[in-house]
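Enquirer: The following file, my_file.txt, comprises compact mmCIF, C-alpha atoms:
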# COMPACT_ATOMS: atom_id res chain seq x y z
CA MET A 817 138.97 -19.79 149.67
CA GLY A 818 138.54 -23.42 150.60
CA ARG A 819 140.76 -25.95 152.25
CA VAL A 820 140.92 -29.74 151.97
CA VAL A 821 142.71 -31.80 154.57
CA VAL A 822 144.38 -35.10 153.66
CA ASP A 823 145.48 -37.28 156.57
CA VAL A 824 148.10 -39.96 155.93
CA MET A 825 149.14 -42.61 158.45
CA PRO A 826 151.74 -45.38 158.39
CA LYS A 827 150.10 -48.74 157.67
CA PRO A 828 149.20 -50.66 160.85
CA GLU A 829 151.57 -53.52 160.00
CA ILE A 830 154.50 -51.15 159.43
CA LEU A 831 156.54 -50.32 162.50
CA ASP A 832 156.46 -46.55 163.09
CA PRO A 833 159.89 -45.64 164.52
CA GLN A 834 158.95 -41.98 165.07
CA GLY A 835 155.74 -42.85 166.89
CA LYS A 836 157.69 -45.28 169.03
CA ALA A 837 160.19 -42.57 169.96
CA VAL A 838 157.37 -40.21 170.92
CA ALA A 839 155.67 -42.98 172.92
CA SER A 840 158.81 -43.56 174.94
CA ALA A 841 159.27 -39.82 175.60
CA LEU A 842 155.75 -39.19 176.92
CA PRO A 843 156.07 -41.03 180.27
CA ARG A 844 159.29 -39.14 180.97
CA LEU A 845 157.18 -35.97 181.05
CA GLY A 846 154.55 -37.53 183.25
CA PHE A 847 152.15 -38.57 180.48
CA ASP A 848 151.83 -42.20 181.42
CA GLN A 849 148.22 -42.59 180.24
CA PHE A 850 149.14 -43.51 176.64
CA SER A 851 150.12 -47.04 175.70
CA GLY A 852 151.08 -46.27 172.11
CA VAL A 853 151.67 -43.48 169.60
CA ARG A 854 151.59 -43.52 165.83
CA GLN A 855 152.73 -40.47 163.90
CA GLY A 856 151.26 -39.51 160.55
CA LYS A 857 151.09 -36.54 158.21
CA ARG A 858 148.44 -33.91 157.65
CA PHE A 859 148.31 -32.04 154.33
CA GLU A 860 146.26 -28.88 153.84
CA LEU A 861 145.41 -28.25 150.20
CA GLU A 862 144.11 -24.79 149.45
CA VAL A 863 141.84 -23.82 146.56
CA ASP A 864 140.77 -20.39 145.40
CA GLY A 865 137.09 -21.28 145.03
CA PRO A 866 134.73 -23.47 147.04
CA VAL A 867 135.48 -27.11 147.81
CA THR A 868 133.39 -29.05 145.32
CA GLU A 869 132.99 -32.80 144.81
CA GLU A 870 135.51 -32.55 141.95
CA ILE A 871 138.03 -30.86 144.23
CA LEU A 872 137.58 -33.58 146.84
CA ALA A 873 138.00 -36.26 144.18
CA ALA A 874 141.21 -34.59 142.99
CA ALA A 875 142.45 -34.40 146.60
CA ARG A 876 141.73 -38.12 147.06
CA ALA A 877 143.64 -38.91 143.87
CA ALA A 878 146.58 -36.72 144.92
CA GLY A 879 146.51 -38.43 148.30
CA GLU A 880 146.79 -41.88 146.71
CA GLN A 881 149.31 -40.98 144.01
CA VAL A 882 151.61 -38.39 145.55
CA LEU A 883 150.96 -37.54 149.19
CA SER A 884 151.15 -41.15 150.35
CA ASN A 885 153.15 -44.18 149.32
CA PRO A 886 150.66 -47.08 149.31
CA VAL A 887 153.43 -49.55 150.17
CA ILE A 888 153.91 -48.03 153.62
CA GLU A 889 151.06 -45.57 154.19
CA ASP A 890 147.26 -45.24 154.05
CA VAL A 891 145.22 -42.15 153.28
CA VAL A 892 142.88 -42.30 156.28
CA ALA A 893 140.78 -39.17 155.68
CA VAL A 894 140.07 -36.53 153.03
CA TYR A 895 137.70 -33.76 154.07
CA GLU A 896 136.91 -30.10 153.74
CA GLU A 897 138.16 -27.97 156.57
CA GLN A 898 135.53 -25.51 157.77
CA ASP A 899 136.78 -22.16 158.98
CA MET B 495 180.99 -47.20 127.41
CA ARG B 496 179.08 -44.20 128.71
CA VAL B 497 177.41 -44.39 132.11
CA GLY B 498 175.13 -41.54 133.15
CA VAL B 499 175.14 -40.31 136.75
CA VAL B 500 172.17 -38.15 137.72
CA THR B 501 172.46 -35.07 139.91
CA PHE B 502 169.30 -34.00 141.74
CA PRO B 503 169.15 -31.03 144.12
CA GLY B 504 170.57 -32.63 147.27
CA SER B 505 172.47 -35.50 145.63
CA LEU B 506 175.71 -36.12 147.53
CA ASP B 507 177.47 -39.08 145.98
CA ASP B 508 177.17 -38.24 142.29
CA ARG B 509 180.88 -37.41 142.00
CA ASP B 510 181.90 -40.57 143.82
CA ALA B 511 179.71 -42.62 141.49
CA ALA B 512 181.20 -40.90 138.43
CA ARG B 513 184.68 -41.53 139.81
CA ALA B 514 183.84 -45.20 140.34
CA VAL B 515 182.74 -45.47 136.69
CA ARG B 516 186.03 -43.90 135.58
CA LEU B 517 188.13 -46.17 137.81
CA ALA B 518 186.33 -49.17 136.31
CA GLY B 519 187.29 -48.02 132.83
CA GLY B 520 184.06 -46.37 131.70
CA GLU B 521 183.15 -42.83 130.74
CA PRO B 522 180.89 -41.09 133.28
CA VAL B 523 178.31 -38.69 131.85
CA ALA B 524 176.71 -36.09 134.11
CA LEU B 525 172.90 -36.08 133.82
CA TRP B 526 170.84 -33.22 135.27
CA HIS B 527 167.49 -33.67 137.03
CA ALA B 528 165.76 -30.96 134.98
CA ASP B 529 167.01 -32.28 131.62
CA ALA B 530 164.93 -35.16 130.24
CA ASP B 531 167.65 -35.98 127.70
CA LEU B 532 169.69 -39.06 128.65
CA HIS B 533 172.38 -38.05 126.11
CA GLY B 534 172.62 -41.53 124.67
CA VAL B 535 174.14 -43.18 127.73
CA ASP B 536 174.42 -46.97 127.93
CA ALA B 537 173.47 -47.21 131.61
CA VAL B 538 172.36 -44.91 134.43
CA ILE B 539 173.26 -44.58 138.11
CA LEU B 540 170.99 -42.78 140.58
CA PRO B 541 173.38 -41.78 143.37
CA GLY B 542 172.96 -41.39 147.12
CA GLY B 543 172.17 -38.25 149.03
CA PHE B 544 169.08 -36.42 150.18
CA SER B 545 167.39 -35.32 146.97
CA TYR B 546 164.91 -32.52 147.65
CA GLY B 547 165.84 -32.77 151.32
CA ASP B 548 163.91 -36.05 151.62
CA TYR B 549 160.78 -33.86 151.67
CA LEU B 550 157.46 -35.70 151.63
CA ARG B 551 159.28 -39.08 151.63
CA ALA B 552 162.82 -40.03 150.65
CA GLY B 553 162.93 -40.07 146.85
CA ALA B 554 159.29 -38.99 146.46
CA ILE B 555 159.87 -35.64 144.74
CA SER B 556 162.70 -36.89 142.51
CA ARG B 557 160.26 -39.32 140.96
CA PHE B 558 158.66 -36.36 139.20
CA ALA B 559 161.90 -34.86 137.83
CA PRO B 560 162.03 -34.74 134.01
CA VAL B 561 165.11 -36.99 133.92
CA THR B 562 163.33 -39.65 136.02
CA GLY B 563 160.54 -39.96 133.47
CA SER B 564 163.10 -40.70 130.76
CA ILE B 565 164.91 -43.18 132.97
CA VAL B 566 161.71 -45.06 133.83
CA GLU B 567 160.89 -45.39 130.15
CA ALA B 568 164.41 -46.49 129.19
CA ALA B 569 164.55 -48.94 132.12
CA ARG B 570 161.37 -50.62 130.88
CA GLY B 571 163.18 -51.01 127.56
CA GLY B 572 166.11 -52.76 129.26
CA LEU B 573 168.55 -49.95 130.08
CA PRO B 574 170.74 -50.98 133.05
CA VAL B 575 169.86 -48.75 136.02
CA LEU B 576 171.49 -48.81 139.45
CA GLY B 577 170.02 -46.95 142.43
CA ILE B 578 172.27 -46.49 145.44
CA CYS B 579 170.75 -45.44 148.79
CA ASN B 580 168.63 -42.39 147.90
CA GLY B 581 168.75 -43.67 144.31
CA PHE B 582 167.17 -46.94 145.55
CA GLN B 583 164.49 -44.92 147.33
CA ILE B 584 163.79 -43.02 144.09
CA LEU B 585 163.46 -46.31 142.15
CA THR B 586 160.86 -47.60 144.63
CA GLU B 587 158.94 -44.32 144.53
CA ALA B 588 159.03 -44.51 140.71
CA HIS B 589 157.61 -48.07 140.91
CA LEU B 590 160.58 -49.57 139.07
CA LEU B 591 161.36 -51.62 142.17
CA PRO B 592 158.94 -53.04 144.76
CA GLY B 593 158.82 -52.14 148.44
CA SER B 594 159.87 -48.99 150.20
CA MET B 595 162.23 -47.67 152.84
CA ILE B 596 161.19 -46.29 156.22
CA LYS B 597 163.25 -44.95 159.14
CA ASN B 598 165.83 -47.29 160.64
CA ASP B 599 164.24 -49.38 163.39
CA HIS B 600 166.71 -47.99 165.96
CA ARG B 601 165.86 -44.43 164.81
CA ARG B 602 169.49 -43.35 164.46
CA PHE B 603 171.57 -42.52 161.42
CA VAL B 604 173.90 -45.44 160.77
CA CYS B 605 177.34 -45.21 159.17
CA ARG B 606 179.44 -48.36 159.10
CA GLU B 607 181.33 -50.86 157.01
CA GLN B 608 178.74 -53.45 156.10
CA GLN B 609 179.00 -57.05 154.97
CA LEU B 610 176.61 -58.12 152.22
CA ARG B 611 175.96 -61.43 150.53
CA VAL B 612 175.56 -61.24 146.76
CA GLU B 613 172.63 -63.53 145.95
CA ARG B 614 171.93 -62.73 142.31
CA THR B 615 174.76 -62.51 139.81
CA ASP B 616 172.97 -62.49 136.46
CA THR B 617 172.29 -58.74 136.55
CA PRO B 618 174.34 -56.18 134.61
CA TRP B 619 175.51 -54.76 137.96
CA THR B 620 176.60 -58.00 139.66
CA ASN B 621 177.91 -60.36 136.96
CA GLU B 622 181.50 -60.04 138.18
CA TYR B 623 180.63 -61.43 141.62
CA ALA B 624 180.33 -65.06 142.62
CA GLU B 625 176.93 -66.19 143.88
CA GLY B 626 177.01 -66.21 147.68
CA GLU B 627 180.13 -64.06 147.82
CA VAL B 628 180.34 -61.82 150.89
CA ILE B 629 181.55 -58.28 150.21
CA THR B 630 182.19 -55.26 152.44
CA VAL B 631 181.08 -51.76 151.46
CA PRO B 632 180.11 -48.66 153.46
CA LEU B 633 176.51 -48.15 154.59
CA LYS B 634 175.15 -44.77 155.70
CA ASN B 635 171.48 -43.98 156.01
CA GLN B 636 168.59 -42.72 158.10
CA ASP B 637 165.67 -44.19 156.16
CA GLY B 638 167.17 -47.56 155.31
CA GLN B 639 164.66 -50.07 156.63
CA TYR B 640 163.44 -52.01 153.61
CA VAL B 641 159.78 -52.99 153.91
CA ALA B 642 157.20 -54.63 151.65
CA ASP B 643 154.13 -56.74 152.27
CA GLU B 644 154.63 -60.45 152.89
CA ARG B 645 153.34 -61.45 149.46
CA THR B 646 155.80 -59.15 147.71
CA LEU B 647 158.66 -60.42 149.88
CA ASP B 648 157.74 -64.05 149.10
CA GLU B 649 157.55 -63.20 145.43
CA LEU B 650 160.96 -61.49 145.48
CA GLU B 651 162.55 -64.48 147.19
CA GLY B 652 160.75 -66.98 144.97
CA GLU B 653 161.89 -65.25 141.80
CA GLY B 654 165.45 -64.80 143.05
CA ARG B 655 165.18 -61.04 143.01
CA VAL B 656 166.84 -60.42 146.35
CA VAL B 657 170.23 -59.32 145.01
CA PHE B 658 171.93 -58.44 148.32
CA ARG B 659 171.31 -59.45 151.90
CA TYR B 660 172.89 -58.06 155.06
CA VAL B 661 175.30 -60.47 156.73
CA GLY B 662 175.81 -60.38 160.50
CA GLU B 663 173.96 -57.62 162.29
CA ASN B 664 170.96 -56.19 160.43
CA PRO B 665 171.91 -52.47 160.45
CA ASN B 666 168.47 -50.90 160.01
CA GLY B 667 165.75 -53.47 160.60
CA SER B 668 165.26 -54.25 156.91
CA TRP B 669 162.73 -57.04 156.51
CA ARG B 670 164.30 -60.44 155.81
CA ASP B 671 167.72 -58.73 155.94
CA ILE B 672 167.19 -57.41 152.42
CA ALA B 673 169.82 -54.87 151.33
CA GLY B 674 169.05 -54.74 147.61
CA VAL B 675 166.57 -56.03 145.03
CA SER B 676 166.08 -56.10 141.28
CA ASN B 677 163.17 -55.87 138.89
CA GLU B 678 161.97 -59.01 137.12
CA ARG B 679 164.25 -58.58 134.14
CA GLY B 680 167.26 -57.82 136.36
CA ASN B 681 168.38 -54.66 134.57
CA VAL B 682 167.19 -52.40 137.41
CA VAL B 683 168.97 -52.94 140.73
CA GLY B 684 168.72 -50.90 143.91
CA LEU B 685 170.53 -51.20 147.24
CA MET B 686 171.03 -49.13 150.38
CA PRO B 687 174.81 -49.66 150.89
CA HIS B 688 177.36 -47.70 148.89
CA PRO B 689 179.60 -49.68 146.50
CA GLU B 690 180.95 -46.43 145.00
CA HIS B 691 182.78 -45.72 148.28
CA ALA B 692 184.77 -48.96 148.03
CA VAL B 693 186.52 -48.72 144.68
CA GLU B 694 190.03 -47.43 145.35
CA PRO B 695 192.77 -48.67 147.69
CA GLY B 696 193.39 -46.11 150.45
CA PHE B 697 189.83 -44.80 150.50
CA GLY B 698 187.63 -47.83 151.06
CA PRO B 699 186.66 -49.94 154.05
CA ASP B 700 189.23 -52.07 155.86
CA GLY B 701 190.07 -55.10 153.75
CA ALA B 702 192.24 -58.18 153.64
CA LYS B 703 195.24 -56.10 152.59
CA GLY B 704 194.97 -53.68 155.49
CA PRO B 705 193.14 -50.56 156.63
CA ARG B 706 191.05 -48.87 153.91
CA SER B 707 192.25 -51.34 151.30
CA GLY B 708 188.77 -52.69 150.49
CA THR B 709 187.65 -52.32 146.87
CA ASP B 710 184.73 -54.77 146.88
CA GLY B 711 182.43 -52.18 145.30
CA LEU B 712 184.44 -51.76 142.10
CA ARG B 713 182.95 -54.81 140.41
CA PHE B 714 179.50 -53.18 140.29
CA PHE B 715 180.99 -50.82 137.76
CA THR B 716 183.16 -53.32 135.89
CA SER B 717 180.11 -55.60 135.76
CA VAL B 718 178.00 -53.06 133.90
CA LEU B 719 180.83 -52.30 131.47
CA LYS B 720 181.24 -56.03 130.81
CA SER B 721 177.50 -56.47 130.24
CA LEU B 722 177.46 -53.57 127.79
CA VAL B 723 180.38 -54.90 125.79
CA GLY B 724 178.51 -58.21 125.69
Can you turn what I pasted into structure tokens?

Expert:
Amino acid sequence: MGRVVVDVMPKPEILDPQGKAVASALPRLGFDQFSGVRQGKRFELEVDGPVTEEILAAARAAGEQVLSNPVIEDVVAVYEEQD
Amino acid sequence: MRVGVVTFPGSLDDRDAARAVRLAGGEPVALWHADADLHGVDAVILPGGFSYGDYLRAGAISRFAPVTGSIVEAARGGLPVLGICNGFQILTEAHLLPGSMIKNDHRRFVCREQQLRVERTDTPWTNEYAEGEVITVPLKNQDGQYVADERTLDELEGEGRVVFRYVGENPNGSWRDIAGVSNERGNVVGLMPHPEHAVEPGFGPDGAKGPRSGTDGLRFFTSVLKSLVG
């Protein structure tokens, strides 16, 4: 069984309200090293067989067409997850 | 005149929208997400709510419902379509309207009576309003911040496709105070606020005639009936 990971992030020019909330919570717990946080999404797509080039291409297409909304998000990475 | 109101899993305001159609003098027709048949309706309303629990993104899963495919096709042919709140989000996900909605800039759910300026009145959903008229309808959302790239926003403004703009305080950080937009042709309109909750004295926002007397939303529904009668 193989697994493809698709990482989606809010576009840089789009304000990320969730990331901002996390950023303001961190110092309250003593984590004052971080000047900013952006929160994205990670999808894990499982296949029964091996991860081929075709599977990766399909994952990229799914990332662009379904898993992200190109108006507000970018697909930043599509890769096979090694066990 | 028959106006379809779609119910998705997680729709909340479908009954209110149907009631608004009836109060305006039309015949509401219940449409079901899994049924691609539009049953010959003359217009369609996508109501508010949290279809599919807002999973993935608000409106993202509803875009793939059988009924949505039929609506997209009919809308391209000129069918009047109104998306309210979650319905607006669905229309952007279905690429019938530009832009998208993200979480409110203040990160809280907002529920208030909201003033809007009607800026485009040649659509089937706004022809009973005067251009520049300020109306008050309820607003309630979590993901209500309208965003689009600068070029799209300039295009929308240049082509007069900003149909509604927030007046006074911007309730959710929407770019350029945009509350609602239309497609090029004007038959597809989407907005975050809820006109269907301001259609009957006693149940609407506070108005000139006293508490809960506001019925500013009713003309959305009389507008579409008027446009259908021609």

Enquirer: Sorted by chain and rising residue number, list the residues of chain B at most 9 Å from chain A (counting all atoms listed in the file), each with its closest atom pair and distance in Å to one decimal, as CSV.

Expert:
residue,atom,partner,partner_atom,distance
B:Leu550,CA,A:Leu883,CA,7.2
B:Arg551,CA,A:Asn885,CA,8.3
B:Ala554,CA,A:Val882,CA,7.8
B:Ile555,CA,A:Val882,CA,8.7
B:Glu587,CA,A:Asn885,CA,7.5
B:Pro592,CA,A:Val887,CA,8.5
B:Gly593,CA,A:Val887,CA,6.2
B:Ser594,CA,A:Val887,CA,6.5
B:Met595,CA,A:Ile888,CA,8.4
B:Ile596,CA,A:Ile888,CA,7.9
B:Lys597,CA,A:Pro833,CA,6.4
B:Asn598,CA,A:Pro833,CA,7.3
B:Asp599,CA,A:Pro833,CA,5.8
B:His600,CA,A:Pro833,CA,7.4
B:Arg601,CA,A:Pro833,CA,6.1
B:Val641,CA,A:Ile888,CA,7.7
B:Ala642,CA,A:Val887,CA,6.5
B:Asp643,CA,A:Val887,CA,7.5

Enquirer: Could you work out how far CA of Lys827 in chain A lies from CA of Glu653 in chain B, giving the answer in Å with one decimal?

Expert: 25.8 Å

Enquirer: Could you work out how far CA of Ala568 in chain B lies from CA of Phe544 in chain B, giving the answer in Å with one decimal?

Expert: 23.7 Å

Enquirer: Can you tell me which residues surround range 670-672 of chain B at a distance of at most 12 Å, considering all atoms listed in the file, apart from same-chain residues fewer than 6 positions away, and format the answer as an mmCIF file with C-alpha atoms, in the frame of the given file?

Expert:
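around_2.cif, written as the output of this step:
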data_model
loop_
_atom_site.group_PDB
_atom_site.id
_atom_site.type_symbol
_atom_site.label_atom_id
_atom_site.label_comp_id
_atom_site.auth_asym_id
_atom_site.auth_seq_id
_atom_site.Cartn_x
_atom_site.Cartn_y
_atom_site.Cartn_z
ATOM 1 C CA GLY B 593 158.820 -52.140 148.440
ATOM 2 C CA SER B 594 159.870 -48.990 150.200
ATOM 3 C CA MET B 595 162.230 -47.670 152.840
ATOM 4 C CA GLN B 609 179.000 -57.050 154.970
ATOM 5 C CA LEU B 610 176.610 -58.120 152.220
ATOM 6 C CA ARG B 611 175.960 -61.430 150.530
ATOM 7 C CA VAL B 612 175.560 -61.240 146.760
ATOM 8 C CA GLU B 613 172.630 -63.530 145.950
ATOM 9 C CA GLY B 638 167.170 -47.560 155.310
ATOM 10 C CA GLN B 639 164.660 -50.070 156.630
ATOM 11 C CA TYR B 640 163.440 -52.010 153.610
ATOM 12 C CA VAL B 641 159.780 -52.990 153.910
ATOM 13 C CA ALA B 642 157.200 -54.630 151.650
ATOM 14 C CA ASP B 643 154.130 -56.740 152.270
ATOM 15 C CA GLU B 644 154.630 -60.450 152.890
ATOM 16 C CA THR B 646 155.800 -59.150 147.710
ATOM 17 C CA LEU B 647 158.660 -60.420 149.880
ATOM 18 C CA ASP B 648 157.740 -64.050 149.100
ATOM 19 C CA LEU B 650 160.960 -61.490 145.480
ATOM 20 C CA GLU B 651 162.550 -64.480 147.190
ATOM 21 C CA ARG B 655 165.180 -61.040 143.010
ATOM 22 C CA VAL B 656 166.840 -60.420 146.350
ATOM 23 C CA VAL B 657 170.230 -59.320 145.010
ATOM 24 C CA PHE B 658 171.930 -58.440 148.320
ATOM 25 C CA ARG B 659 171.310 -59.450 151.900
ATOM 26 C CA TYR B 660 172.890 -58.060 155.060
ATOM 27 C CA VAL B 661 175.300 -60.470 156.730
ATOM 28 C CA GLY B 662 175.810 -60.380 160.500
ATOM 29 C CA GLU B 663 173.960 -57.620 162.290
ATOM 30 C CA ASN B 664 170.960 -56.190 160.430
ATOM 31 C CA GLY B 684 168.720 -50.900 143.910
ATOM 32 C CA LEU B 685 170.530 -51.200 147.240
ATOM 33 C CA MET B 686 171.030 -49.130 150.380
ATOM 34 C CA PRO B 687 174.810 -49.660 150.890
#

Enquirer: From the set B:Asp548, B:Asp710, B:Asp536, B:Glu625, which residue has the shortest atom-to-atom contact distance to Leu722 in chain B, counting all atoms listed in the file?

Expert: B:Asp536

Enquirer: Is it possible to produce a file of range 553-563 of chain B from this structure, with all heavy atoms, as a PDB file, in the first residue's frame?

Expert:
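File produced: selection00.pdb:
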ATOM      1  N   GLY B 553     -18.699  25.025   1.306  1.00  0.00           N
ATOM      2  CA  GLY B 553     -19.285  24.927  -0.033  1.00  0.00           C
ATOM      3  C   GLY B 553     -18.549  23.991  -0.972  1.00  0.00           C
ATOM      4  O   GLY B 553     -19.032  23.710  -2.074  1.00  0.00           O
ATOM      5  N   ALA B 554     -17.390  23.477  -0.553  1.00  0.00           N
ATOM      6  CA  ALA B 554     -16.531  22.728  -1.480  1.00  0.00           C
ATOM      7  C   ALA B 554     -17.136  21.388  -1.895  1.00  0.00           C
ATOM      8  O   ALA B 554     -17.016  20.982  -3.051  1.00  0.00           O
ATOM      9  CB  ALA B 554     -15.153  22.507  -0.859  1.00  0.00           C
ATOM     10  N   ILE B 555     -17.790  20.698  -0.962  1.00  0.00           N
ATOM     11  CA  ILE B 555     -18.318  19.373  -1.288  1.00  0.00           C
ATOM     12  C   ILE B 555     -19.643  19.514  -2.057  1.00  0.00           C
ATOM     13  O   ILE B 555     -19.927  18.740  -2.977  1.00  0.00           O
ATOM     14  CB  ILE B 555     -18.536  18.532  -0.008  1.00  0.00           C
ATOM     15  CG1 ILE B 555     -17.293  18.539   0.882  1.00  0.00           C
ATOM     16  CG2 ILE B 555     -18.955  17.106  -0.361  1.00  0.00           C
ATOM     17  CD1 ILE B 555     -16.157  17.673   0.445  1.00  0.00           C
ATOM     18  N   SER B 556     -20.413  20.522  -1.708  1.00  0.00           N
ATOM     19  CA  SER B 556     -21.716  20.729  -2.367  1.00  0.00           C
ATOM     20  C   SER B 556     -21.558  20.969  -3.861  1.00  0.00           C
ATOM     21  O   SER B 556     -22.467  20.708  -4.644  1.00  0.00           O
ATOM     22  CB  SER B 556     -22.434  21.933  -1.756  1.00  0.00           C
ATOM     23  OG  SER B 556     -22.583  21.747  -0.382  1.00  0.00           O
ATOM     24  N   ARG B 557     -20.409  21.488  -4.221  1.00  0.00           N
ATOM     25  CA  ARG B 557     -20.142  21.753  -5.643  1.00  0.00           C
ATOM     26  C   ARG B 557     -20.290  20.471  -6.462  1.00  0.00           C
ATOM     27  O   ARG B 557     -20.625  20.510  -7.633  1.00  0.00           O
ATOM     28  CB  ARG B 557     -18.725  22.312  -5.758  1.00  0.00           C
ATOM     29  CG  ARG B 557     -18.228  22.428  -7.161  1.00  0.00           C
ATOM     30  CD  ARG B 557     -16.759  22.752  -7.162  1.00  0.00           C
ATOM     31  NE  ARG B 557     -16.150  22.443  -8.445  1.00  0.00           N
ATOM     32  CZ  ARG B 557     -14.840  22.293  -8.620  1.00  0.00           C
ATOM     33  NH1 ARG B 557     -14.024  22.418  -7.598  1.00  0.00           N
ATOM     34  NH2 ARG B 557     -14.372  22.019  -9.810  1.00  0.00           N
ATOM     35  N   PHE B 558     -20.027  19.318  -5.843  1.00  0.00           N
ATOM     36  CA  PHE B 558     -20.054  18.065  -6.582  1.00  0.00           C
ATOM     37  C   PHE B 558     -21.391  17.330  -6.470  1.00  0.00           C
ATOM     38  O   PHE B 558     -21.532  16.217  -6.959  1.00  0.00           O
ATOM     39  CB  PHE B 558     -18.906  17.163  -6.104  1.00  0.00           C
ATOM     40  CG  PHE B 558     -17.556  17.805  -6.294  1.00  0.00           C
ATOM     41  CD1 PHE B 558     -16.880  18.378  -5.233  1.00  0.00           C
ATOM     42  CD2 PHE B 558     -16.994  17.875  -7.561  1.00  0.00           C
ATOM     43  CE1 PHE B 558     -15.650  18.992  -5.420  1.00  0.00           C
ATOM     44  CE2 PHE B 558     -15.764  18.488  -7.756  1.00  0.00           C
ATOM     45  CZ  PHE B 558     -15.087  19.051  -6.683  1.00  0.00           C
ATOM     46  N   ALA B 559     -22.372  17.935  -5.805  1.00  0.00           N
ATOM     47  CA  ALA B 559     -23.691  17.306  -5.695  1.00  0.00           C
ATOM     48  C   ALA B 559     -24.345  17.283  -7.075  1.00  0.00           C
ATOM     49  O   ALA B 559     -24.160  18.205  -7.876  1.00  0.00           O
ATOM     50  CB  ALA B 559     -24.559  18.082  -4.709  1.00  0.00           C
ATOM     51  N   PRO B 560     -25.123  16.231  -7.366  1.00  0.00           N
ATOM     52  CA  PRO B 560     -25.783  16.144  -8.674  1.00  0.00           C
ATOM     53  C   PRO B 560     -26.600  17.391  -9.014  1.00  0.00           C
ATOM     54  O   PRO B 560     -26.544  17.888 -10.142  1.00  0.00           O
ATOM     55  CB  PRO B 560     -26.693  14.917  -8.517  1.00  0.00           C
ATOM     56  CG  PRO B 560     -25.985  14.064  -7.507  1.00  0.00           C
ATOM     57  CD  PRO B 560     -25.330  15.016  -6.553  1.00  0.00           C
ATOM     58  N   VAL B 561     -27.318  17.939  -8.023  1.00  0.00           N
ATOM     59  CA  VAL B 561     -28.158  19.102  -8.316  1.00  0.00           C
ATOM     60  C   VAL B 561     -27.310  20.304  -8.713  1.00  0.00           C
ATOM     61  O   VAL B 561     -27.705  21.121  -9.554  1.00  0.00           O
ATOM     62  CB  VAL B 561     -29.077  19.441  -7.115  1.00  0.00           C
ATOM     63  CG1 VAL B 561     -28.302  20.133  -5.997  1.00  0.00           C
ATOM     64  CG2 VAL B 561     -30.267  20.273  -7.551  1.00  0.00           C
ATOM     65  N   THR B 562     -26.094  20.418  -8.144  1.00  0.00           N
ATOM     66  CA  THR B 562     -25.248  21.577  -8.447  1.00  0.00           C
ATOM     67  C   THR B 562     -24.814  21.562  -9.911  1.00  0.00           C
ATOM     68  O   THR B 562     -24.766  22.613 -10.562  1.00  0.00           O
ATOM     69  CB  THR B 562     -24.025  21.620  -7.507  1.00  0.00           C
ATOM     70  OG1 THR B 562     -24.473  21.492  -6.158  1.00  0.00           O
ATOM     71  CG2 THR B 562     -23.265  22.919  -7.650  1.00  0.00           C
ATOM     72  N   GLY B 563     -24.517  20.374 -10.432  1.00  0.00           N
ATOM     73  CA  GLY B 563     -24.149  20.280 -11.836  1.00  0.00           C
ATOM     74  C   GLY B 563     -25.246  20.830 -12.737  1.00  0.00           C
ATOM     75  O   GLY B 563     -24.986  21.588 -13.682  1.00  0.00           O
TER      76      GLY B 563
END
